[in-house]
$ cat run.pdb   # PDB, C-alpha atoms
ATOM      1  CA  MET A   1       0.000   0.000   0.000  1.00  0.00           C
ATOM      2  CA  ILE A   2       2.723   2.409   0.853  1.00  0.00           C
ATOM      3  CA  HIS A   3       4.415   1.781  -2.398  1.00  0.00           C
ATOM      4  CA  SER A   4       1.358   2.524  -4.516  1.00  0.00           C
ATOM      5  CA  THR A   5       0.677   5.744  -2.605  1.00  0.00           C
ATOM      6  CA  THR A   6       4.253   6.930  -3.083  1.00  0.00           C
ATOM      7  CA  THR A   7       4.112   6.216  -6.798  1.00  0.00           C
ATOM      8  CA  GLY A   8       0.852   8.102  -7.100  1.00  0.00           C
ATOM      9  CA  ARG A   9       2.329  11.101  -5.270  1.00  0.00           C
ATOM     10  CA  ASN A  10       5.443  11.073  -7.488  1.00  0.00           C
ATOM     11  CA  THR A  11       3.328  11.009 -10.605  1.00  0.00           C
ATOM     12  CA  HIS A  12       1.146  13.796  -9.276  1.00  0.00           C
ATOM     13  CA  MET A  13       4.236  15.880  -8.338  1.00  0.00           C
ATOM     14  CA  LYS A  14       5.773  15.318 -11.766  1.00  0.00           C
ATOM     15  CA  SER A  15       2.630  16.534 -13.489  1.00  0.00           C
ATOM     16  CA  ILE A  16       2.510  19.633 -11.272  1.00  0.00           C
ATOM     17  CA  ILE A  17       6.183  20.412 -11.995  1.00  0.00           C
ATOM     18  CA  THR A  18       5.626  19.953 -15.735  1.00  0.00           C
ATOM     19  CA  THR A  19       2.594  22.249 -15.650  1.00  0.00           C
ATOM     20  CA  LEU A  20       4.539  24.914 -13.754  1.00  0.00           C
ATOM     21  CA  ARG A  21       7.459  24.715 -16.182  1.00  0.00           C
ATOM     22  CA  ASN A  22       5.143  25.122 -19.168  1.00  0.00           C
ATOM     23  CA  SER A  23       3.437  28.089 -17.502  1.00  0.00           C
ATOM     24  CA  VAL A  24       6.748  29.788 -16.744  1.00  0.00           C
ATOM     25  CA  LEU A  25       8.039  29.212 -20.282  1.00  0.00           C
ATOM     26  CA  THR A  26       4.805  30.557 -21.773  1.00  0.00           C
ATOM     27  CA  LEU A  27       4.922  33.650 -19.570  1.00  0.00           C
ATOM     28  CA  SER A  28       8.591  34.340 -20.273  1.00  0.00           C
ATOM     29  CA  ALA A  29       8.051  33.899 -24.024  1.00  0.00           C
ATOM     30  CA  ALA A  30       5.066  36.258 -23.915  1.00  0.00           C
ATOM     31  CA  GLY A  31       7.080  38.773 -21.899  1.00  0.00           C
ATOM     32  CA  THR A  32      10.015  38.560 -24.301  1.00  0.00           C
ATOM     33  CA  ALA A  33       7.744  39.017 -27.308  1.00  0.00           C
ATOM     34  CA  ALA A  34       6.117  42.033 -25.655  1.00  0.00           C
ATOM     35  CA  GLN A  35       9.534  43.521 -24.880  1.00  0.00           C
ATOM     36  CA  LEU A  36      10.744  42.979 -28.441  1.00  0.00           C
ATOM     37  CA  HIS A  37       7.586  44.552 -29.819  1.00  0.00           C
ATOM     38  CA  ALA A  38       8.007  47.575 -27.543  1.00  0.00           C
ATOM     39  CA  GLU A  39      11.676  47.956 -28.506  1.00  0.00           C
ATOM     40  CA  ALA A  40      10.857  47.672 -32.216  1.00  0.00           C
ATOM     41  CA  ALA A  41       8.152  50.307 -31.915  1.00  0.00           C
ATOM     42  CA  ALA A  42      10.513  52.659 -30.061  1.00  0.00           C
ATOM     43  CA  ALA A  43      13.412  52.187 -32.550  1.00  0.00           C
ATOM     44  CA  PRO A  44      13.658  54.806 -35.310  1.00  0.00           C
ATOM     45  CA  ALA A  45      13.073  53.700 -38.902  1.00  0.00           C
ATOM     46  CA  ALA A  46      16.272  52.754 -40.777  1.00  0.00           C
ATOM     47  CA  ASN A  47      17.451  55.065 -43.536  1.00  0.00           C
ATOM     48  CA  PRO A  48      17.106  53.258 -46.899  1.00  0.00           C
ATOM     49  CA  LEU A  49      20.167  55.061 -48.273  1.00  0.00           C
ATOM     50  CA  GLY A  50      22.223  53.761 -45.368  1.00  0.00           C
ATOM     51  CA  SER A  51      21.439  50.175 -46.231  1.00  0.00           C
ATOM     52  CA  PHE A  52      22.400  50.647 -49.903  1.00  0.00           C
ATOM     53  CA  LEU A  53      25.478  52.761 -49.224  1.00  0.00           C
ATOM     54  CA  PRO A  54      27.917  49.789 -49.020  1.00  0.00           C
ATOM     55  CA  LEU A  55      26.657  48.483 -52.373  1.00  0.00           C
ATOM     56  CA  ILE A  56      27.071  51.903 -53.956  1.00  0.00           C
ATOM     57  CA  VAL A  57      30.621  52.214 -52.596  1.00  0.00           C
ATOM     58  CA  ILE A  58      31.547  48.748 -53.906  1.00  0.00           C
ATOM     59  CA  PHE A  59      30.166  49.603 -57.362  1.00  0.00           C
ATOM     60  CA  VAL A  60      32.173  52.850 -57.477  1.00  0.00           C
ATOM     61  CA  ILE A  61      35.353  51.001 -56.497  1.00  0.00           C
ATOM     62  CA  PHE A  62      34.740  48.341 -59.166  1.00  0.00           C
ATOM     63  CA  TYR A  63      34.087  51.050 -61.753  1.00  0.00           C
ATOM     64  CA  PHE A  64      37.354  52.874 -61.133  1.00  0.00           C
ATOM     65  CA  LEU A  65      39.510  49.771 -60.631  1.00  0.00           C
ATOM     66  CA  LEU A  66      38.090  47.397 -63.264  1.00  0.00           C
ATOM     67  CA  ILE A  67      35.537  48.803 -65.688  1.00  0.00           C
ATOM     68  CA  ARG A  68      37.076  52.175 -66.571  1.00  0.00           C
ATOM     69  CA  PRO A  69      40.633  50.871 -67.243  1.00  0.00           C
ATOM     70  CA  GLN A  70      39.218  48.068 -69.424  1.00  0.00           C
ATOM     71  CA  GLN A  71      37.197  50.565 -71.469  1.00  0.00           C
ATOM     72  CA  LYS A  72      40.297  52.752 -71.879  1.00  0.00           C
ATOM     73  CA  ARG A  73      42.370  49.776 -73.120  1.00  0.00           C
ATOM     74  CA  ALA A  74      39.611  48.788 -75.548  1.00  0.00           C
ATOM     75  CA  LYS A  75      39.497  52.314 -77.017  1.00  0.00           C
ATOM     76  CA  GLU A  76      43.296  52.382 -77.414  1.00  0.00           C
ATOM     77  CA  HIS A  77      43.235  48.973 -79.117  1.00  0.00           C
ATOM     78  CA  GLN A  78      40.462  50.118 -81.474  1.00  0.00           C
ATOM     79  CA  ARG A  79      42.486  53.249 -82.387  1.00  0.00           C
ATOM     80  CA  MET A  80      45.530  51.048 -83.070  1.00  0.00           C
ATOM     81  CA  LEU A  81      43.468  48.770 -85.337  1.00  0.00           C
ATOM     82  CA  THR A  82      42.092  51.678 -87.379  1.00  0.00           C
ATOM     83  CA  ALA A  83      45.597  53.162 -87.758  1.00  0.00           C
ATOM     84  CA  LEU A  84      47.172  49.981 -89.226  1.00  0.00           C
ATOM     85  CA  LYS A  85      49.017  50.615 -92.493  1.00  0.00           C
ATOM     86  CA  LYS A  86      51.391  48.950 -94.912  1.00  0.00           C
ATOM     87  CA  ASP A  87      54.840  47.972 -93.493  1.00  0.00           C
ATOM     88  CA  ASP A  88      53.606  47.929 -89.875  1.00  0.00           C
ATOM     89  CA  LYS A  89      55.041  45.013 -87.902  1.00  0.00           C
ATOM     90  CA  ILE A  90      52.318  43.243 -85.935  1.00  0.00           C
ATOM     91  CA  VAL A  91      51.589  40.331 -83.634  1.00  0.00           C
ATOM     92  CA  SER A  92      48.374  38.392 -84.229  1.00  0.00           C
ATOM     93  CA  THR A  93      46.153  37.091 -81.451  1.00  0.00           C
ATOM     94  CA  GLY A  94      47.590  33.646 -82.237  1.00  0.00           C
ATOM     95  CA  GLY A  95      51.131  34.906 -81.585  1.00  0.00           C
ATOM     96  CA  ILE A  96      52.272  35.069 -85.223  1.00  0.00           C
ATOM     97  CA  TYR A  97      54.666  37.920 -86.046  1.00  0.00           C
ATOM     98  CA  GLY A  98      54.478  39.498 -89.468  1.00  0.00           C
ATOM     99  CA  THR A  99      54.609  42.626 -91.593  1.00  0.00           C
ATOM    100  CA  ILE A 100      51.546  44.093 -93.289  1.00  0.00           C
ATOM    101  CA  THR A 101      51.978  44.103 -97.079  1.00  0.00           C
ATOM    102  CA  SER A 102      48.519  45.420 -98.015  1.00  0.00           C
ATOM    103  CA  VAL A 103      45.312  46.640 -96.397  1.00  0.00           C
ATOM    104  CA  LYS A 104      41.915  46.036 -98.036  1.00  0.00           C
ATOM    105  CA  GLY A 105      39.146  47.176 -95.691  1.00  0.00           C
ATOM    106  CA  ASP A 106      39.050  44.765 -92.755  1.00  0.00           C
ATOM    107  CA  VAL A 107      41.361  42.239 -94.446  1.00  0.00           C
ATOM    108  CA  LEU A 108      45.121  42.506 -94.019  1.00  0.00           C
ATOM    109  CA  GLU A 109      47.712  40.676 -96.084  1.00  0.00           C
ATOM    110  CA  VAL A 110      50.583  39.825 -93.764  1.00  0.00           C
ATOM    111  CA  LYS A 111      54.020  38.504 -94.699  1.00  0.00           C
ATOM    112  CA  ILE A 112      55.045  36.022 -92.007  1.00  0.00           C
ATOM    113  CA  ALA A 113      58.080  34.484 -93.760  1.00  0.00           C
ATOM    114  CA  GLU A 114      59.956  34.718 -97.063  1.00  0.00           C
ATOM    115  CA  ASN A 115      57.428  34.004 -99.856  1.00  0.00           C
ATOM    116  CA  VAL A 116      54.675  33.295 -97.285  1.00  0.00           C
ATOM    117  CA  LYS A 117      51.735  35.686 -97.079  1.00  0.00           C
ATOM    118  CA  VAL A 118      48.501  35.167 -95.206  1.00  0.00           C
ATOM    119  CA  GLN A 119      45.290  37.093 -95.050  1.00  0.00           C
ATOM    120  CA  MET A 120      43.839  37.918 -91.664  1.00  0.00           C
ATOM    121  CA  SER A 121      41.110  40.018 -90.219  1.00  0.00           C
ATOM    122  CA  ARG A 122      42.034  43.408 -88.830  1.00  0.00           C
ATOM    123  CA  SER A 123      40.509  42.340 -85.494  1.00  0.00           C
ATOM    124  CA  ALA A 124      43.012  39.428 -85.300  1.00  0.00           C
ATOM    125  CA  VAL A 125      45.851  41.884 -84.662  1.00  0.00           C
ATOM    126  CA  SER A 126      46.867  41.902 -81.032  1.00  0.00           C
ATOM    127  CA  ALA A 127      49.601  44.559 -80.995  1.00  0.00           C
ATOM    128  CA  LEU A 128      52.102  46.541 -82.995  1.00  0.00           C
ATOM    129  CA  VAL A 129      55.735  45.469 -82.715  1.00  0.00           C
ATOM    130  CA  PRO A 130      57.983  48.428 -81.914  1.00  0.00           C
ATOM    131  CA  PRO A 131      60.863  49.150 -84.312  1.00  0.00           C
ATOM    132  CA  GLU A 132      64.287  47.806 -83.241  1.00  0.00           C
ATOM    133  CA  ASN A 133      65.708  51.286 -82.624  1.00  0.00           C
ATOM    134  CA  GLN A 134      62.856  52.229 -80.279  1.00  0.00           C
ATOM    135  CA  ALA A 135      62.843  51.129 -76.651  1.00  0.00           C
ATOM    136  CA  VAL A 136      59.974  48.901 -75.617  1.00  0.00           C
ATOM    137  CA  THR A 137      57.586  50.809 -73.380  1.00  0.00           C
ATOM    138  CA  PRO A 138      54.100  49.931 -72.206  1.00  0.00           C
ATOM    139  CA  GLU A 139      52.644  52.666 -74.439  1.00  0.00           C
ATOM    140  CA  VAL A 140      54.227  51.130 -77.572  1.00  0.00           C
ATOM    141  CA  VAL A 141      53.104  47.574 -76.767  1.00  0.00           C
ATOM    142  CA  LYS A 142      49.537  48.638 -75.999  1.00  0.00           C
TER     143      LYS A 142
END
$ encode --input "run.pdb" --output "C-alpha cells"
Amino acid sequence: MIHSTTTGRNTHMKSIITTLRNSVLTLSAAGTAAQLHAEAAAAPAANPLGSFLPLIVIFVIFYFLLIRPQQKRAKEHQRMLTALKKDDKIVSTGGIYGTITSVKGDVLEVKIAENVKVQMSRSAVSALVPPENQAVTPEVVK
C-alpha cells in the first residue's frame, strides 16, 4: 500500500512540476515578445540610403579599378586597329609575327616568312611590334 501511494504522489508531483514549467516558459516567451515589440516600436526607422550605401561604394570602387581601365584599353586597341598601315610590324592574337603588305578594308595581307603571305582580319591583330631602334615601353606595346 505504501508503495502505490508513493508512486501516485510522485506522478502527481511530476505533473505539477511539468505544468509549472510550461506556464513559466509561456509567460517568459510572452514577456520577451512584448519587450521585443516595444523595442521595435521605439526604434527609429532605418534610412534606406544607409542600407544601400555599401553596395554603392563597392560599385564605385569596381568602376574605377576594373571597368574604366578596361574601357580605356579597348578604345586604345580600337584606335591602333584603325591606324594599321602597310609595313607595320604586328603580332596576331595567335602569336604570329608578321609585316603588313597590303590593307583592303578589314582584311590585311601579312608577310610572315619569305614568300609566305597570309590574309587575316584586322581584329586578329593583337599589338604593334615596336621598331628595333625604339625602346619597348608599355605605351608602344599597348
$ residues_near_point --input "run.pdb" --point "(46.5, 38.1, -93.7)" --cutoff "8 Å" --atoms "all atoms listed in the file" --output "PyMOL selection string"
chain A and resi 100+107-111+117-121
$ resolve_selection --input "run.pdb" --expression "the PyMOL selection byres ((chain A and resi 124) around 6)" --output "list in words"
Ser92, Thr93, Ser121, Arg122, Ser123 and Val125 of chain A
$ closest_residue --input "run.pdb" --among "A:Val60, A:Leu66, A:Leu128, A:Leu53" --to "Asp88 of chain A" --atoms "all atoms listed in the file"
A:Leu128
$ atom_distance --input "run.pdb" --atom1 "atom CA of Gln78 of chain A" --atom2 "atom CA of Ile90 of chain A"
14.4 Å
$ atom_distance --input "run.pdb" --atom1 "atom CA of Pro48 of chain A" --atom2 "atom CA of Tyr63 of chain A"
22.7 Å
$ axis_aligned_box --input "run.pdb" --around "segment 94-99 of chain A" --padding-each-side "8 Å" --output "JSON"
{"center_x": 51.1, "center_y": 38.1, "center_z": -86.6, "size_x": 23.1, "size_y": 25.0, "size_z": 26.0}
$ closest_residue --input "run.pdb" --among "A:Glu76, A:Val129, A:Ala83, A:Phe64" --to "Gly98 of chain A" --atoms "only C-alpha atoms"
A:Val129
$ atom_distance --input "run.pdb" --atom1 "atom CA of Ser102 of chain A" --atom2 "atom CA of Lys86 of chain A"
5.5 Å
$ closest_residue --input "run.pdb" --among "A:Leu84, A:Val91, A:Ile16, A:Leu49" --to "Gly105 of chain A" --atoms "only C-alpha atoms"
A:Leu84
